[in-house]
Amino acid sequence: MAQPKVIVIGNEKGGAGKSTLAIHVATALLHGGAKVSVLDLDLRQQSMAHFFAHRRAWLDANKASAPMPIEHMSSTDLLKASEDEALGRFEQAFAEADSSDVVLIDTPGGDTAVSRAAHGLADLIVTPMNDSFVDFDMLGVVDPVTLELKRPSLYSETVWNSRKIRAAKSGQSIDWVVLRNRLAPTEARNRKRVDERVQALSRRVGFRVGPGLRDRVIYRELFPFGLTVADLSPVIKPVAMSLQHVAARQELRALIGSLGLAGAAGDELMAAQ
């Protein structure tokens, strides 16, 4: 049996859009026909777990159907557990997901033993960052006078160490993609400065740069229903449809393509336009 592809959505800063990205990647893959297991390690917020709970409730109430992932673990499994217990429960849940096509793991905005373990298991690490030096600081340190890149930050070192461990254990590499998320339509000068440093750091530590999701109202509107633009159809339309939804669907398709997952979800995403 083929091993599942392990996707870890991670960085060590909150507010970058990790959970939003996780639910959109998961639903896109589900609509592509993939069997997806999800593990939510963000124990306090549990945004991904809440999203799929909302999804189940909305679909039941409206007698509609949409694909669901297989959920493993819950906040009660890990929130009060010791570090060793948490690692043991994570490893058990991960083992239970081995029959899936994809295991998608949403990690917390901080450094934990379980999060480091998840990174070490990844085939693909996806790191969203907002268009600012506040978020870039998570990846690299710049000189405060010249803004030149000085060195990688702690999270970059975490990914680097995960890659070394994975290579030593299995001889396999970890693909790392940094997504420019929630890009604002203005502040072109600041964006150019951030982009130059991101590109310089990508050459130094070895990640790819891809497009994320813009700060669109539709993404926030659909969250309470447990839905994404991948779900919208003549039957599932909890909000008024517009051309903006088509643009959002194209944006999601571009994101999936940049992650190298288009074969699983890209064509199917456009079928319901």
# chains A, B, ... in the order shown; residues from 1 in each chain; ligands from 1
$ residues_around --residues "segment 198-202 of chain A" --least-positions-apart "6" --cutoff "9 Å" --atoms "only C-alpha atoms" --output "PyMOL selection string"
chain A and resi 136+139-140+149+151-152+178+208-209
$ write_last_selection --atoms "all heavy atoms" --output "mmCIF file, in the first residue's frame"
data_model
loop_
_atom_site.group_PDB
_atom_site.id
_atom_site.type_symbol
_atom_site.label_atom_id
_atom_site.label_comp_id
_atom_site.auth_asym_id
_atom_site.auth_seq_id
_atom_site.Cartn_x
_atom_site.Cartn_y
_atom_site.Cartn_z
ATOM 1 N N PHE A 136 7.782 38.249 8.085
ATOM 2 C CA PHE A 136 9.073 37.788 7.571
ATOM 3 C C PHE A 136 10.042 37.480 8.701
ATOM 4 O O PHE A 136 10.904 36.591 8.580
ATOM 5 C CB PHE A 136 9.694 38.822 6.635
ATOM 6 C CG PHE A 136 11.018 38.389 6.066
ATOM 7 C CD1 PHE A 136 11.070 37.478 5.024
ATOM 8 C CD2 PHE A 136 12.207 38.857 6.597
ATOM 9 C CE1 PHE A 136 12.289 37.045 4.515
ATOM 10 C CE2 PHE A 136 13.428 38.434 6.101
ATOM 11 C CZ PHE A 136 13.470 37.529 5.051
ATOM 12 N N LEU A 139 10.805 34.054 9.501
ATOM 13 C CA LEU A 139 11.636 33.288 8.575
ATOM 14 C C LEU A 139 13.091 33.747 8.572
ATOM 15 O O LEU A 139 14.002 32.930 8.453
ATOM 16 C CB LEU A 139 11.086 33.406 7.159
ATOM 17 C CG LEU A 139 9.700 32.821 6.899
ATOM 18 C CD1 LEU A 139 9.244 33.181 5.496
ATOM 19 C CD2 LEU A 139 9.721 31.316 7.078
ATOM 20 N N GLY A 140 13.307 35.053 8.646
ATOM 21 C CA GLY A 140 14.666 35.571 8.542
ATOM 22 C C GLY A 140 14.836 36.875 9.294
ATOM 23 O O GLY A 140 13.868 37.609 9.533
ATOM 24 N N LEU A 149 19.273 40.963 4.420
ATOM 25 C CA LEU A 149 19.108 39.709 5.136
ATOM 26 C C LEU A 149 20.388 39.356 5.886
ATOM 27 O O LEU A 149 21.475 39.341 5.319
ATOM 28 C CB LEU A 149 18.772 38.590 4.141
ATOM 29 C CG LEU A 149 18.608 37.181 4.722
ATOM 30 C CD1 LEU A 149 17.388 37.111 5.616
ATOM 31 C CD2 LEU A 149 18.517 36.164 3.594
ATOM 32 N N ARG A 151 20.380 36.559 8.576
ATOM 33 C CA ARG A 151 20.433 35.118 8.851
ATOM 34 C C ARG A 151 19.014 34.564 8.908
ATOM 35 O O ARG A 151 18.048 35.313 9.081
ATOM 36 C CB ARG A 151 21.133 34.850 10.182
ATOM 37 C CG ARG A 151 20.412 35.413 11.387
ATOM 38 C CD ARG A 151 21.156 35.120 12.680
ATOM 39 N NE ARG A 151 20.410 35.555 13.844
ATOM 40 C CZ ARG A 151 20.415 36.797 14.321
ATOM 41 N NH1 ARG A 151 21.163 37.717 13.707
ATOM 42 N NH2 ARG A 151 19.707 37.111 15.383
ATOM 43 N N PRO A 152 18.853 33.249 8.786
ATOM 44 C CA PRO A 152 17.534 32.632 8.976
ATOM 45 C C PRO A 152 17.087 32.750 10.430
ATOM 46 O O PRO A 152 17.910 32.824 11.344
ATOM 47 C CB PRO A 152 17.776 31.165 8.593
ATOM 48 C CG PRO A 152 19.035 31.162 7.798
ATOM 49 C CD PRO A 152 19.869 32.281 8.337
ATOM 50 N N VAL A 178 6.679 28.527 0.747
ATOM 51 C CA VAL A 178 6.229 29.706 1.485
ATOM 52 C C VAL A 178 5.213 30.435 0.613
ATOM 53 O O VAL A 178 5.510 30.784 -0.541
ATOM 54 C CB VAL A 178 7.409 30.637 1.840
ATOM 55 C CG1 VAL A 178 6.909 31.952 2.431
ATOM 56 C CG2 VAL A 178 8.346 29.943 2.824
ATOM 57 N N ARG A 208 10.454 27.089 -1.885
ATOM 58 C CA ARG A 208 9.808 27.687 -3.051
ATOM 59 C C ARG A 208 8.828 28.753 -2.579
ATOM 60 O O ARG A 208 8.328 28.690 -1.459
ATOM 61 C CB ARG A 208 9.051 26.631 -3.861
ATOM 62 C CG ARG A 208 9.942 25.536 -4.414
ATOM 63 C CD ARG A 208 9.195 24.614 -5.362
ATOM 64 N NE ARG A 208 8.245 23.737 -4.701
ATOM 65 C CZ ARG A 208 6.935 23.763 -4.861
ATOM 66 N NH1 ARG A 208 6.373 24.677 -5.659
ATOM 67 N NH2 ARG A 208 6.147 22.905 -4.244
ATOM 68 N N VAL A 209 8.538 29.709 -3.436
ATOM 69 C CA VAL A 209 7.587 30.774 -3.107
ATOM 70 C C VAL A 209 6.372 30.628 -4.010
ATOM 71 O O VAL A 209 6.506 30.454 -5.232
ATOM 72 C CB VAL A 209 8.215 32.167 -3.287
ATOM 73 C CG1 VAL A 209 7.218 33.254 -2.890
ATOM 74 C CG2 VAL A 209 9.497 32.293 -2.476
#
$ select_by_dssp --residues "segment 80-238 of chain A" --states "strand (DSSP E)" --output "PyMOL selection string"
chain A and resi 102-106+124-130+140-142+149-152+175-181+208-211
$ closest_residue --among "A:Val141, A:Ile125, A:Met241, A:Val205" --to "Leu222 of chain A" --atoms "only C-alpha atoms"
A:Met241
$ closest_residue --among "A:Ala240, A:Leu124, A:Val134, A:Ala248" --to "Thr228 of chain A" --atoms "only C-alpha atoms"
A:Ala248
$ residues_around --residues "Leu213 of chain A" --least-positions-apart "6" --cutoff "8 Å" --atoms "only C-alpha atoms" --output "ChimeraX atom specification"
/A:21,180-183,251-252,255
$ residues_around --residues "segment 49-64 of chain A" --least-positions-apart "6" --cutoff "10 Å" --atoms "only C-alpha atoms" --output "VMD selection string"
chain A and resid 19 to 20 23 27 38 to 43 71 to 75 106 222 to 228 235 to 236 238
$ write_last_selection --atoms "N, CA, C and O atoms" --output "short mmCIF file (atom, residue, chain, number, x, y, z; two decimals), in the first residue's frame"
data_model
loop_
_atom_site.label_atom_id
_atom_site.label_comp_id
_atom_site.auth_asym_id
_atom_site.auth_seq_id
_atom_site.Cartn_x
_atom_site.Cartn_y
_atom_site.Cartn_z
N SER A 19 -4.80 28.14 9.47
CA SER A 19 -6.02 27.34 9.50
C SER A 19 -6.88 27.60 8.27
O SER A 19 -7.48 26.66 7.71
N THR A 20 -6.97 28.85 7.84
CA THR A 20 -7.71 29.16 6.61
C THR A 20 -7.12 28.41 5.43
O THR A 20 -7.84 27.82 4.61
N ILE A 23 -7.94 24.49 5.73
CA ILE A 23 -9.29 24.04 5.38
C ILE A 23 -9.52 24.15 3.87
O ILE A 23 -10.24 23.32 3.29
N THR A 27 -10.39 20.85 1.60
CA THR A 27 -11.63 20.72 0.83
C THR A 27 -11.35 20.60 -0.66
O THR A 27 -12.05 19.88 -1.38
N VAL A 38 -7.28 14.55 8.61
CA VAL A 38 -6.83 15.84 9.15
C VAL A 38 -6.52 15.68 10.64
O VAL A 38 -7.23 14.99 11.37
N LEU A 39 -5.43 16.34 11.06
CA LEU A 39 -5.04 16.40 12.46
C LEU A 39 -4.86 17.86 12.83
O LEU A 39 -4.04 18.56 12.20
N ASP A 40 -5.62 18.33 13.80
CA ASP A 40 -5.54 19.72 14.23
C ASP A 40 -4.73 19.77 15.51
O ASP A 40 -5.19 19.37 16.58
N LEU A 41 -3.50 20.28 15.41
CA LEU A 41 -2.62 20.37 16.58
C LEU A 41 -2.67 21.74 17.25
O LEU A 41 -1.99 21.95 18.25
N ASP A 42 -3.48 22.65 16.70
CA ASP A 42 -3.63 23.97 17.30
C ASP A 42 -4.67 23.85 18.41
O ASP A 42 -5.87 24.12 18.22
N LEU A 43 -4.23 23.43 19.58
CA LEU A 43 -5.14 22.94 20.61
C LEU A 43 -6.04 24.01 21.20
O LEU A 43 -7.17 23.72 21.61
N GLU A 71 -11.29 12.71 10.62
CA GLU A 71 -10.68 13.51 11.67
C GLU A 71 -10.04 12.61 12.72
O GLU A 71 -10.64 11.63 13.17
N HIS A 72 -8.84 12.98 13.13
CA HIS A 72 -8.11 12.22 14.14
C HIS A 72 -7.74 13.16 15.29
O HIS A 72 -7.35 14.31 15.06
N MET A 73 -7.87 12.66 16.50
CA MET A 73 -7.50 13.42 17.70
C MET A 73 -8.49 14.55 17.96
O MET A 73 -9.31 14.92 17.12
N SER A 74 -8.41 15.12 19.14
CA SER A 74 -9.19 16.29 19.52
C SER A 74 -8.41 17.03 20.59
O SER A 74 -7.39 16.55 21.09
N SER A 75 -8.87 18.23 20.93
CA SER A 75 -8.16 19.02 21.93
C SER A 75 -8.07 18.29 23.26
O SER A 75 -7.10 18.43 24.01
N ASP A 106 -2.55 20.66 10.72
CA ASP A 106 -2.52 22.09 11.04
C ASP A 106 -1.79 22.25 12.38
O ASP A 106 -2.17 21.63 13.37
N LEU A 222 -17.91 32.24 4.44
CA LEU A 222 -18.25 30.82 4.35
C LEU A 222 -17.79 30.01 5.56
O LEU A 222 -18.31 28.91 5.81
N PHE A 223 -16.84 30.54 6.33
CA PHE A 223 -16.31 29.76 7.46
C PHE A 223 -17.38 29.31 8.46
O PHE A 223 -17.36 28.14 8.89
N PRO A 224 -18.33 30.17 8.88
CA PRO A 224 -19.31 29.72 9.87
C PRO A 224 -20.16 28.54 9.41
O PRO A 224 -20.70 27.80 10.24
N PHE A 225 -20.27 28.36 8.08
CA PHE A 225 -21.04 27.24 7.53
C PHE A 225 -20.18 25.99 7.35
O PHE A 225 -20.70 24.92 6.99
N GLY A 226 -18.87 26.13 7.57
CA GLY A 226 -17.99 25.00 7.30
C GLY A 226 -17.81 24.73 5.82
O GLY A 226 -17.62 23.60 5.40
N LEU A 227 -17.85 25.80 5.02
CA LEU A 227 -17.77 25.67 3.56
C LEU A 227 -16.65 26.53 3.01
O LEU A 227 -16.21 27.49 3.65
N THR A 228 -16.20 26.18 1.80
CA THR A 228 -15.23 27.00 1.08
C THR A 228 -15.74 27.21 -0.34
O THR A 228 -16.76 26.62 -0.74
N VAL A 235 -26.61 23.81 -5.57
CA VAL A 235 -27.28 23.28 -4.36
C VAL A 235 -26.72 23.90 -3.10
O VAL A 235 -27.47 24.22 -2.17
N ILE A 236 -25.42 24.09 -3.05
CA ILE A 236 -24.75 24.67 -1.87
C ILE A 236 -24.38 26.10 -2.17
O ILE A 236 -23.40 26.39 -2.87
N PRO A 238 -24.87 29.20 0.45
CA PRO A 238 -25.40 29.88 1.63
C PRO A 238 -25.32 31.39 1.57
O PRO A 238 -25.93 32.09 2.38
#
$ closest_residue --among "A:Ser156, A:Ala262, A:Gly10, A:Ala230" --to "Gly110 of chain A" --atoms "only C-alpha atoms"
A:Gly10
$ atom_distance --atom1 "atom CA of Ala117 of chain A" --atom2 "atom CA of Arg89 of chain A"
11.8 Å
$ closest_residue --among "A:Leu30, A:Leu259, A:Leu121, A:Val6" --to "Ile165 of chain A" --atoms "only C-alpha atoms"
A:Leu121
$ residues_around --residues "Phe90 of chain A" --least-positions-apart "4" --cutoff "8 Å" --atoms "only C-alpha atoms" --output "number ranges by chain"
A: 73, 86, 94, 114
$ closest_residue --among "A:Ala93, A:Ile7, A:Ala22, A:Val246" --to "Ala122 of chain A" --atoms "only C-alpha atoms"
A:Ile7
$ select_by_dssp --residues "segment 81-239 of chain A" --states "helix (DSSP H, G or I)" --output "JSON, numbers by chain"
{"A": [83, 84, 85, 86, 87, 88, 89, 90, 91, 92, 93, 94, 95, 96, 113, 114, 115, 116, 117, 118, 119, 120, 121, 133, 134, 135, 136, 154, 155, 156, 157, 158, 159, 160, 161, 162, 163, 164, 165, 166, 167, 168, 169, 170, 188, 189, 190, 191, 192, 193, 194, 195, 196, 197, 198, 199, 200, 201, 202, 203, 204, 205, 217, 218, 219, 220, 221, 222, 223, 224, 225]}
